[in-house]
Every structure is written in C-alpha cells, then in structure tokens.
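Below is the file start_16.txt, which contains compact mmCIF, N, CA and C atoms.
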# COMPACT_ATOMS: atom_id res chain seq x y z
N MET A 1465 74.48 128.08 117.73
CA MET A 1465 73.67 126.89 117.87
C MET A 1465 74.43 125.68 117.32
N GLU A 1466 74.55 124.65 118.14
CA GLU A 1466 75.29 123.45 117.73
C GLU A 1466 74.44 122.62 116.78
N LYS A 1467 75.05 122.22 115.68
CA LYS A 1467 74.35 121.42 114.68
C LYS A 1467 74.52 119.95 115.02
N LYS A 1468 73.42 119.20 115.10
CA LYS A 1468 73.47 117.79 115.45
C LYS A 1468 73.26 116.95 114.20
N ASN A 1469 73.95 115.82 114.16
CA ASN A 1469 73.73 114.92 113.03
C ASN A 1469 72.50 114.06 113.29
N LEU A 1470 72.05 113.38 112.26
CA LEU A 1470 70.83 112.59 112.34
C LEU A 1470 70.90 111.54 113.43
N GLY A 1471 72.06 110.90 113.58
CA GLY A 1471 72.22 109.88 114.62
C GLY A 1471 72.01 110.42 116.02
N GLU A 1472 72.53 111.61 116.29
CA GLU A 1472 72.38 112.21 117.61
C GLU A 1472 70.92 112.59 117.88
N VAL A 1473 70.24 113.11 116.86
CA VAL A 1473 68.82 113.47 117.00
C VAL A 1473 67.99 112.22 117.30
N LEU A 1474 68.25 111.15 116.55
CA LEU A 1474 67.53 109.90 116.75
C LEU A 1474 67.82 109.33 118.14
N LYS A 1475 69.06 109.39 118.57
CA LYS A 1475 69.45 108.91 119.91
C LYS A 1475 68.66 109.64 120.98
N GLU A 1476 68.61 110.97 120.91
CA GLU A 1476 67.87 111.76 121.89
C GLU A 1476 66.38 111.40 121.89
N LYS A 1477 65.82 111.23 120.70
CA LYS A 1477 64.39 110.90 120.58
C LYS A 1477 64.10 109.55 121.22
N ILE A 1478 64.94 108.55 120.97
CA ILE A 1478 64.74 107.23 121.56
C ILE A 1478 64.88 107.29 123.07
N GLU A 1479 65.91 108.01 123.54
CA GLU A 1479 66.13 108.09 124.98
C GLU A 1479 64.98 108.81 125.68
N GLN A 1480 64.41 109.82 125.04
CA GLN A 1480 63.28 110.55 125.65
C GLN A 1480 61.99 109.75 125.60
N ASP A 1481 61.67 109.20 124.43
CA ASP A 1481 60.38 108.53 124.25
C ASP A 1481 60.37 107.11 124.81
N ALA A 1482 61.42 106.34 124.53
CA ALA A 1482 61.44 104.94 124.95
C ALA A 1482 62.08 104.77 126.33
N LYS A 1483 62.74 105.80 126.81
CA LYS A 1483 63.40 105.78 128.12
C LYS A 1483 64.44 104.66 128.24
N ILE A 1484 65.21 104.46 127.14
CA ILE A 1484 66.31 103.50 127.20
C ILE A 1484 67.58 104.18 126.70
N ASP A 1485 68.72 103.71 127.20
CA ASP A 1485 69.99 104.27 126.79
C ASP A 1485 70.31 103.83 125.36
N VAL A 1486 70.95 104.71 124.61
CA VAL A 1486 71.31 104.43 123.22
C VAL A 1486 72.80 104.67 123.05
N THR A 1487 73.47 103.75 122.36
CA THR A 1487 74.88 103.90 122.02
C THR A 1487 74.97 104.03 120.50
N ILE A 1488 75.63 105.08 120.03
CA ILE A 1488 75.82 105.27 118.60
C ILE A 1488 77.16 104.66 118.22
N PRO A 1489 77.15 103.60 117.42
CA PRO A 1489 78.42 102.97 117.05
C PRO A 1489 79.23 103.85 116.10
N GLU A 1490 80.52 103.73 116.18
CA GLU A 1490 81.44 104.40 115.26
C GLU A 1490 81.58 103.53 114.02
N PHE A 1491 82.20 104.08 112.98
CA PHE A 1491 82.42 103.31 111.76
C PHE A 1491 83.23 102.05 112.07
N GLY A 1492 82.76 100.91 111.58
CA GLY A 1492 83.51 99.67 111.69
C GLY A 1492 83.35 98.92 113.00
N GLU A 1493 82.55 99.43 113.93
CA GLU A 1493 82.37 98.74 115.21
C GLU A 1493 81.32 97.65 115.05
N THR A 1494 81.58 96.49 115.66
CA THR A 1494 80.63 95.38 115.66
C THR A 1494 80.25 95.10 117.10
N TYR A 1495 78.95 95.06 117.37
CA TYR A 1495 78.45 94.81 118.72
C TYR A 1495 77.74 93.46 118.77
N GLU A 1496 77.74 92.87 119.94
CA GLU A 1496 77.05 91.62 120.15
C GLU A 1496 76.01 91.85 121.24
N LEU A 1497 74.78 91.38 120.99
CA LEU A 1497 73.71 91.53 121.97
C LEU A 1497 73.73 90.36 122.93
N SER A 1498 73.44 90.66 124.18
CA SER A 1498 73.33 89.63 125.20
C SER A 1498 72.16 88.71 124.85
N PRO A 1499 72.21 87.44 125.25
CA PRO A 1499 71.08 86.53 125.00
C PRO A 1499 69.76 87.05 125.59
N VAL A 1500 69.83 87.83 126.64
CA VAL A 1500 68.62 88.39 127.25
C VAL A 1500 67.88 89.26 126.24
N ILE A 1501 68.61 90.12 125.53
CA ILE A 1501 67.98 90.99 124.54
C ILE A 1501 67.48 90.17 123.36
N SER A 1502 68.26 89.21 122.90
CA SER A 1502 67.84 88.37 121.78
C SER A 1502 66.57 87.60 122.13
N GLU A 1503 66.47 87.10 123.36
CA GLU A 1503 65.29 86.35 123.81
C GLU A 1503 64.04 87.24 123.75
N TYR A 1504 64.15 88.48 124.26
CA TYR A 1504 63.03 89.41 124.22
C TYR A 1504 62.66 89.75 122.78
N GLU A 1505 63.67 89.90 121.93
CA GLU A 1505 63.42 90.24 120.53
C GLU A 1505 62.59 89.14 119.86
N ASN A 1506 62.91 87.88 120.12
CA ASN A 1506 62.15 86.76 119.55
C ASN A 1506 60.72 86.74 120.06
N VAL A 1507 60.53 87.00 121.32
CA VAL A 1507 59.19 87.01 121.89
C VAL A 1507 58.36 88.12 121.25
N VAL A 1508 58.96 89.31 121.10
CA VAL A 1508 58.24 90.44 120.52
C VAL A 1508 57.81 90.14 119.09
N THR A 1509 58.69 89.51 118.30
CA THR A 1509 58.34 89.27 116.90
C THR A 1509 57.34 88.13 116.75
N THR A 1510 57.29 87.19 117.70
CA THR A 1510 56.35 86.07 117.57
C THR A 1510 55.01 86.34 118.24
N GLN A 1511 54.96 87.23 119.18
CA GLN A 1511 53.71 87.52 119.88
C GLN A 1511 53.42 89.01 119.83
N GLU A 1512 53.06 89.49 118.67
CA GLU A 1512 52.85 90.93 118.49
C GLU A 1512 51.73 91.49 119.35
N ASN A 1513 50.76 90.67 119.73
CA ASN A 1513 49.64 91.19 120.51
C ASN A 1513 50.04 91.62 121.92
N VAL A 1514 51.14 91.13 122.44
CA VAL A 1514 51.59 91.53 123.77
C VAL A 1514 52.86 92.37 123.70
N GLN A 1515 53.09 92.92 122.55
CA GLN A 1515 54.35 93.65 122.31
C GLN A 1515 54.53 94.80 123.30
N GLU A 1516 53.51 95.58 123.55
CA GLU A 1516 53.66 96.73 124.44
C GLU A 1516 54.06 96.30 125.84
N ASN A 1517 53.46 95.24 126.37
CA ASN A 1517 53.80 94.75 127.71
C ASN A 1517 55.25 94.26 127.75
N ILE A 1518 55.65 93.56 126.73
CA ILE A 1518 57.01 93.03 126.69
C ILE A 1518 58.02 94.16 126.60
N GLN A 1519 57.72 95.16 125.76
CA GLN A 1519 58.64 96.29 125.66
C GLN A 1519 58.75 97.00 127.00
N GLY A 1520 57.67 97.10 127.73
CA GLY A 1520 57.73 97.69 129.07
C GLY A 1520 58.63 96.89 129.98
N ASP A 1521 58.52 95.53 129.88
CA ASP A 1521 59.38 94.66 130.67
C ASP A 1521 60.85 94.84 130.27
N ILE A 1522 61.08 94.95 128.96
CA ILE A 1522 62.44 95.15 128.47
C ILE A 1522 63.01 96.44 129.04
N GLN A 1523 62.22 97.49 129.00
CA GLN A 1523 62.71 98.77 129.51
C GLN A 1523 63.11 98.66 130.97
N ARG A 1524 62.28 98.01 131.78
CA ARG A 1524 62.59 97.88 133.21
C ARG A 1524 63.82 97.00 133.42
N ASP A 1525 63.91 95.92 132.64
CA ASP A 1525 65.01 94.97 132.83
C ASP A 1525 66.37 95.52 132.38
N ILE A 1526 66.38 96.26 131.29
CA ILE A 1526 67.68 96.67 130.75
C ILE A 1526 68.01 98.14 130.98
N GLN A 1527 67.12 98.89 131.62
CA GLN A 1527 67.40 100.30 131.88
C GLN A 1527 68.70 100.43 132.68
N GLY A 1528 69.65 101.15 132.15
CA GLY A 1528 70.91 101.37 132.85
C GLY A 1528 71.89 100.20 132.76
N LYS A 1529 71.52 99.12 132.05
CA LYS A 1529 72.40 97.96 131.96
C LYS A 1529 72.91 97.74 130.55
N VAL A 1530 72.80 98.72 129.71
CA VAL A 1530 73.16 98.55 128.31
C VAL A 1530 74.60 98.10 128.15
N SER A 1531 75.51 98.67 128.93
CA SER A 1531 76.92 98.31 128.79
C SER A 1531 77.17 96.83 129.12
N GLU A 1532 76.31 96.25 129.96
CA GLU A 1532 76.45 94.83 130.28
C GLU A 1532 75.84 93.95 129.20
N LEU A 1533 74.81 94.47 128.52
CA LEU A 1533 74.06 93.67 127.57
C LEU A 1533 74.51 93.82 126.13
N VAL A 1534 75.17 94.92 125.81
CA VAL A 1534 75.66 95.17 124.45
C VAL A 1534 77.16 95.36 124.55
N LYS A 1535 77.90 94.47 123.92
CA LYS A 1535 79.36 94.52 124.04
C LYS A 1535 80.01 94.72 122.69
N LEU A 1536 81.02 95.60 122.65
CA LEU A 1536 81.82 95.80 121.45
C LEU A 1536 82.73 94.59 121.28
N ILE A 1537 82.61 93.92 120.13
CA ILE A 1537 83.45 92.73 119.93
C ILE A 1537 84.56 92.95 118.91
N SER A 1538 84.41 93.95 118.03
CA SER A 1538 85.50 94.25 117.10
C SER A 1538 85.31 95.64 116.52
N LYS A 1539 86.42 96.19 116.02
CA LYS A 1539 86.38 97.50 115.39
C LYS A 1539 87.32 97.48 114.20
N THR A 1540 86.81 97.87 113.05
CA THR A 1540 87.59 97.94 111.83
C THR A 1540 87.89 99.39 111.54
N GLU A 1541 89.15 99.69 111.29
CA GLU A 1541 89.53 101.06 110.97
C GLU A 1541 89.19 101.38 109.52
N ARG A 1542 88.75 102.59 109.28
CA ARG A 1542 88.44 103.03 107.92
C ARG A 1542 89.75 103.31 107.20
N LYS A 1543 89.89 102.72 106.03
CA LYS A 1543 91.09 102.95 105.23
C LYS A 1543 90.67 103.67 103.95
N GLU A 1544 91.09 104.90 103.85
CA GLU A 1544 90.78 105.67 102.65
C GLU A 1544 92.04 105.78 101.81
N LYS A 1545 91.86 105.72 100.51
CA LYS A 1545 93.01 105.80 99.62
C LYS A 1545 93.71 107.13 99.77
N TYR A 1546 92.93 108.20 99.80
CA TYR A 1546 93.48 109.54 99.96
C TYR A 1546 92.68 110.26 101.03
N PRO A 1547 93.06 110.12 102.30
CA PRO A 1547 92.31 110.79 103.36
C PRO A 1547 92.28 112.30 103.14
N VAL A 1548 91.10 112.86 103.26
CA VAL A 1548 90.89 114.28 102.99
C VAL A 1548 91.75 115.14 103.91
N THR A 1549 91.77 114.82 105.17
CA THR A 1549 92.49 115.67 106.11
C THR A 1549 93.98 115.70 105.84
N SER A 1550 94.58 114.56 105.51
CA SER A 1550 96.02 114.55 105.28
C SER A 1550 96.37 115.27 103.96
N VAL A 1551 95.52 115.16 102.96
CA VAL A 1551 95.77 115.86 101.70
C VAL A 1551 95.69 117.37 101.92
N ARG A 1552 94.72 117.78 102.69
CA ARG A 1552 94.59 119.22 102.98
C ARG A 1552 95.81 119.72 103.76
N ARG A 1553 96.22 118.93 104.75
CA ARG A 1553 97.41 119.32 105.53
C ARG A 1553 98.63 119.39 104.64
N GLU A 1554 98.76 118.42 103.74
CA GLU A 1554 99.89 118.40 102.82
C GLU A 1554 99.88 119.64 101.93
N LEU A 1555 98.71 120.02 101.43
CA LEU A 1555 98.58 121.19 100.58
C LEU A 1555 98.97 122.46 101.32
N ILE A 1556 98.51 122.62 102.55
CA ILE A 1556 98.88 123.79 103.36
C ILE A 1556 100.39 123.80 103.58
N GLY A 1557 100.96 122.64 103.86
CA GLY A 1557 102.41 122.55 104.05
C GLY A 1557 103.17 122.96 102.80
N ARG A 1558 102.68 122.52 101.66
CA ARG A 1558 103.33 122.89 100.39
C ARG A 1558 103.26 124.40 100.15
N LEU A 1559 102.10 124.99 100.45
CA LEU A 1559 101.96 126.44 100.28
C LEU A 1559 102.93 127.20 101.18
N GLU A 1560 103.09 126.73 102.41
CA GLU A 1560 104.03 127.37 103.33
C GLU A 1560 105.46 127.23 102.81
N LYS A 1561 105.79 126.07 102.29
CA LYS A 1561 107.14 125.84 101.75
C LYS A 1561 107.39 126.76 100.54
N ILE A 1562 106.40 126.85 99.66
CA ILE A 1562 106.53 127.74 98.49
C ILE A 1562 106.71 129.18 98.92
N LYS A 1563 105.97 129.59 99.94
CA LYS A 1563 106.09 130.96 100.43
C LYS A 1563 107.52 131.24 100.92
N ASP A 1564 108.09 130.29 101.66
CA ASP A 1564 109.47 130.43 102.14
C ASP A 1564 110.46 130.46 100.98
N GLU A 1565 110.24 129.59 99.99
CA GLU A 1565 111.12 129.55 98.83
C GLU A 1565 111.04 130.84 98.02
N MET A 1566 109.85 131.43 97.96
CA MET A 1566 109.69 132.70 97.25
C MET A 1566 110.49 133.82 97.95
N LYS A 1567 110.46 133.80 99.27
CA LYS A 1567 111.25 134.80 100.02
C LYS A 1567 112.74 134.63 99.73
N ASP A 1568 113.19 133.35 99.74
CA ASP A 1568 114.60 133.08 99.45
C ASP A 1568 114.95 133.52 98.03
N MET A 1569 114.07 133.20 97.07
CA MET A 1569 114.31 133.56 95.68
C MET A 1569 114.40 135.08 95.54
N ASP A 1570 113.50 135.80 96.22
CA ASP A 1570 113.51 137.26 96.17
C ASP A 1570 114.85 137.80 96.65
N THR A 1571 115.33 137.24 97.75
CA THR A 1571 116.61 137.69 98.30
C THR A 1571 117.75 137.45 97.30
N TYR A 1572 117.82 136.23 96.74
CA TYR A 1572 118.91 135.89 95.82
C TYR A 1572 118.85 136.70 94.52
N VAL A 1573 117.65 136.89 93.98
CA VAL A 1573 117.52 137.65 92.74
C VAL A 1573 117.94 139.10 92.97
N ARG A 1574 117.53 139.67 94.09
CA ARG A 1574 117.92 141.06 94.38
C ARG A 1574 119.44 141.18 94.55
N GLN A 1575 120.04 140.17 95.16
CA GLN A 1575 121.50 140.18 95.29
C GLN A 1575 122.16 140.10 93.92
N ASP A 1576 121.62 139.22 93.06
CA ASP A 1576 122.18 139.08 91.71
C ASP A 1576 122.05 140.39 90.92
N ILE A 1577 120.89 141.05 91.03
CA ILE A 1577 120.67 142.31 90.30
C ILE A 1577 121.65 143.39 90.79
N ALA A 1578 121.91 143.37 92.09
CA ALA A 1578 122.82 144.37 92.66
C ALA A 1578 124.29 144.09 92.32
N ASP A 1579 124.57 142.88 91.86
CA ASP A 1579 125.94 142.49 91.53
C ASP A 1579 126.36 143.17 90.22
N GLU A 1580 127.34 144.02 90.29
CA GLU A 1580 127.83 144.76 89.12
C GLU A 1580 128.51 143.84 88.09
N ASN A 1581 129.00 142.69 88.53
CA ASN A 1581 129.72 141.78 87.64
C ASN A 1581 128.80 140.83 86.87
N LEU A 1582 127.49 140.85 87.19
CA LEU A 1582 126.55 139.96 86.52
C LEU A 1582 126.31 140.43 85.09
N ARG A 1583 126.39 139.50 84.16
CA ARG A 1583 126.23 139.85 82.74
C ARG A 1583 124.75 140.04 82.41
N ASP A 1584 124.48 140.76 81.35
CA ASP A 1584 123.11 141.01 80.90
C ASP A 1584 122.41 139.70 80.52
N GLU A 1585 123.17 138.76 79.94
CA GLU A 1585 122.58 137.47 79.56
C GLU A 1585 122.05 136.74 80.79
N ASP A 1586 122.79 136.83 81.91
CA ASP A 1586 122.35 136.17 83.14
C ASP A 1586 121.07 136.82 83.68
N ILE A 1587 121.00 138.15 83.63
CA ILE A 1587 119.80 138.87 84.08
C ILE A 1587 118.61 138.50 83.18
N PHE A 1588 118.84 138.41 81.86
CA PHE A 1588 117.79 138.03 80.92
C PHE A 1588 117.28 136.61 81.26
N ARG A 1589 118.20 135.69 81.52
CA ARG A 1589 117.84 134.31 81.86
C ARG A 1589 117.01 134.27 83.14
N ILE A 1590 117.38 135.00 84.17
CA ILE A 1590 116.61 135.07 85.42
C ILE A 1590 115.22 135.63 85.15
N ASN A 1591 115.16 136.68 84.32
CA ASN A 1591 113.88 137.31 83.99
C ASN A 1591 112.94 136.31 83.29
N GLU A 1592 113.48 135.50 82.38
CA GLU A 1592 112.68 134.51 81.67
C GLU A 1592 112.16 133.43 82.63
N LYS A 1593 113.00 133.01 83.56
CA LYS A 1593 112.58 132.01 84.54
C LYS A 1593 111.46 132.55 85.44
N ILE A 1594 111.55 133.80 85.81
CA ILE A 1594 110.50 134.40 86.65
C ILE A 1594 109.20 134.53 85.86
N LYS A 1595 109.30 134.82 84.54
CA LYS A 1595 108.09 134.85 83.70
C LYS A 1595 107.43 133.46 83.67
N ASP A 1596 108.25 132.42 83.53
CA ASP A 1596 107.72 131.05 83.53
C ASP A 1596 107.05 130.73 84.87
N LEU A 1597 107.67 131.16 85.95
CA LEU A 1597 107.10 130.94 87.29
C LEU A 1597 105.75 131.66 87.43
N GLU A 1598 105.66 132.88 86.92
CA GLU A 1598 104.40 133.61 86.95
C GLU A 1598 103.30 132.84 86.21
N LYS A 1599 103.64 132.28 85.05
CA LYS A 1599 102.67 131.51 84.27
C LYS A 1599 102.20 130.28 85.06
N GLN A 1600 103.12 129.62 85.74
CA GLN A 1600 102.76 128.43 86.52
C GLN A 1600 101.82 128.81 87.68
N ILE A 1601 102.11 129.94 88.31
CA ILE A 1601 101.24 130.38 89.41
C ILE A 1601 99.85 130.70 88.89
N ILE A 1602 99.76 131.36 87.75
CA ILE A 1602 98.47 131.67 87.15
C ILE A 1602 97.72 130.40 86.78
N ASN A 1603 98.43 129.39 86.29
CA ASN A 1603 97.82 128.08 85.99
C ASN A 1603 97.20 127.45 87.23
N VAL A 1604 97.90 127.53 88.34
CA VAL A 1604 97.38 126.95 89.60
C VAL A 1604 96.14 127.72 90.04
N ILE A 1605 96.19 129.03 89.98
CA ILE A 1605 95.07 129.87 90.42
C ILE A 1605 93.83 129.63 89.56
N GLU A 1606 94.04 129.59 88.25
CA GLU A 1606 92.90 129.44 87.33
C GLU A 1606 92.40 128.00 87.24
N GLY A 1607 93.23 127.06 87.67
CA GLY A 1607 92.83 125.65 87.70
C GLY A 1607 92.81 125.06 86.36

Using the file provided, produce a representation of the structure as structure tokens.
Amino acid sequence: MEKKNLGEVLKEKIEQDAKIDVTIPEFGETYELSPVISEYENVVTTQENVQENIQGDIQRDIQGKVSELVKLISKTERKEKYPVTSVRRELIGRLEKIKDEMKDMDTYVRQDIADENLRDEDIFRINEKIKDLEKQIINVIEG
C-alpha cells in the first residue's frame, strides 16, 4: 500500500469535493494568481451571502484552466548546510574504502609474517598497531 503525504490527501479531497484542479507547489516555488482569480476572491470575501453561487461560477470558469491562471514565477533551491543524502552517501563510500583498505592490510601483514627476515620487533610493532585499530573500530561501533 502506497503511503501518501498530507498534501496529496488534501489535493485528492479538494479535487473530488470541489471539482477543481490542484497543484502542489514544491519547496521554494512562488506562484502568481491571474487577476481573474483575485477578482473572484475579493467578491467572495466581500459578499459572503452569495459565496456558494460565486464558487460555482469560479468552478465553471476555471475548470481545466489552472495552468493559464496560476503561473510559476520563481523557484528557490533549498540549501542545507549538511544535506542528509550526501552525508549518507559519503559514509557508505568511506565504509567501502575502509573495507578495501582492510583487505590490502590483511594481504601485506600476512606477507610480512611469512617473511623469514622480519625481526620480532617489527612483528610486535605491527601487532600493537592492529590492537589500536581494533580499539578504534570498537569506538565507532559503540559510538
């Protein structure tokens, strides 16, 4: 079952009940109403006793003409300091890079261990660095 947001539910309700087309603006969009709509709006607010008749007239006059009467005049892009999607992508990329580096490290350490000429001090130093790496990984996991 597709989950609808509040705007889509409201749009469907208006289109079904009022029988007029509805446009849901995106973030930062600015629309301008045609003078025809503004004129009807003024009449409706000043003469409430005939509101139903006027709304009926509005529906007949503007049905199917919304694109002519409501025009997009500007759009402002949303600027986020740290966009969620790019941070998530960056994190996944870092995890992939670490995974590749771990494979490389495994290969090099195994080669070093197999090297008969490697001194015990060098093996001890590698072992200490791997212990430090384990601690850092545990820190990341535990947060």

Inset, instruction - Please return, as a ChimeraX atom specification, all polymer residues that have at least one atom within 9 Å of the point (82.8, 96.2, 109.3); use only C-alpha atoms and the file's own coordinate frame. - result: /A:1491-1494,1538-1542

Output N, CA and C atoms of each residue in that selection to a file, as an mmCIF file, keeping the file's coordinate frame.
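Now in result_18.cif:
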data_model
loop_
_atom_site.group_PDB
_atom_site.id
_atom_site.type_symbol
_atom_site.label_atom_id
_atom_site.label_comp_id
_atom_site.auth_asym_id
_atom_site.auth_seq_id
_atom_site.Cartn_x
_atom_site.Cartn_y
_atom_site.Cartn_z
ATOM 1 N N PHE A 1491 82.200 104.080 112.980
ATOM 2 C CA PHE A 1491 82.420 103.310 111.760
ATOM 3 C C PHE A 1491 83.230 102.050 112.070
ATOM 4 N N GLY A 1492 82.760 100.910 111.580
ATOM 5 C CA GLY A 1492 83.510 99.670 111.690
ATOM 6 C C GLY A 1492 83.350 98.920 113.000
ATOM 7 N N GLU A 1493 82.550 99.430 113.930
ATOM 8 C CA GLU A 1493 82.370 98.740 115.210
ATOM 9 C C GLU A 1493 81.320 97.650 115.050
ATOM 10 N N THR A 1494 81.580 96.490 115.660
ATOM 11 C CA THR A 1494 80.630 95.380 115.660
ATOM 12 C C THR A 1494 80.250 95.100 117.100
ATOM 13 N N SER A 1538 84.410 93.950 118.030
ATOM 14 C CA SER A 1538 85.500 94.250 117.100
ATOM 15 C C SER A 1538 85.310 95.640 116.520
ATOM 16 N N LYS A 1539 86.420 96.190 116.020
ATOM 17 C CA LYS A 1539 86.380 97.500 115.390
ATOM 18 C C LYS A 1539 87.320 97.480 114.200
ATOM 19 N N THR A 1540 86.810 97.870 113.050
ATOM 20 C CA THR A 1540 87.590 97.940 111.830
ATOM 21 C C THR A 1540 87.890 99.390 111.540
ATOM 22 N N GLU A 1541 89.150 99.690 111.290
ATOM 23 C CA GLU A 1541 89.530 101.060 110.970
ATOM 24 C C GLU A 1541 89.190 101.380 109.520
ATOM 25 N N ARG A 1542 88.750 102.590 109.280
ATOM 26 C CA ARG A 1542 88.440 103.030 107.920
ATOM 27 C C ARG A 1542 89.750 103.310 107.200
#

Inset, instruction - Tell me, in Å to one decimal, how far atom C of Leu1470 (chain A) is from atom C of Glu1490 (chain A). - result: 13.4 Å

Inset, instruction - Work out how far apart atom N of Asp1481 (chain A) and atom N of Asn1469 (chain A) are and give it in Å to one decimal. - result: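 Atom-to-atom, atom N of Asp1481 (chain A) and atom N of Asn1469 (chain A) are spaced 17.3 Å apart.
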
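The space between atom C of Ile1590 (chain A) and atom C of Val1573 (chain A) spans 9.0 Å.
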
Inset, instruction - Name the residues in contact with region 1594-1597 of chain A at a cut-off of 12 Å, using only C-alpha atoms, excluding same-chain residues fewer than 3 positions from it; report them as a count of residues only. - result: 15
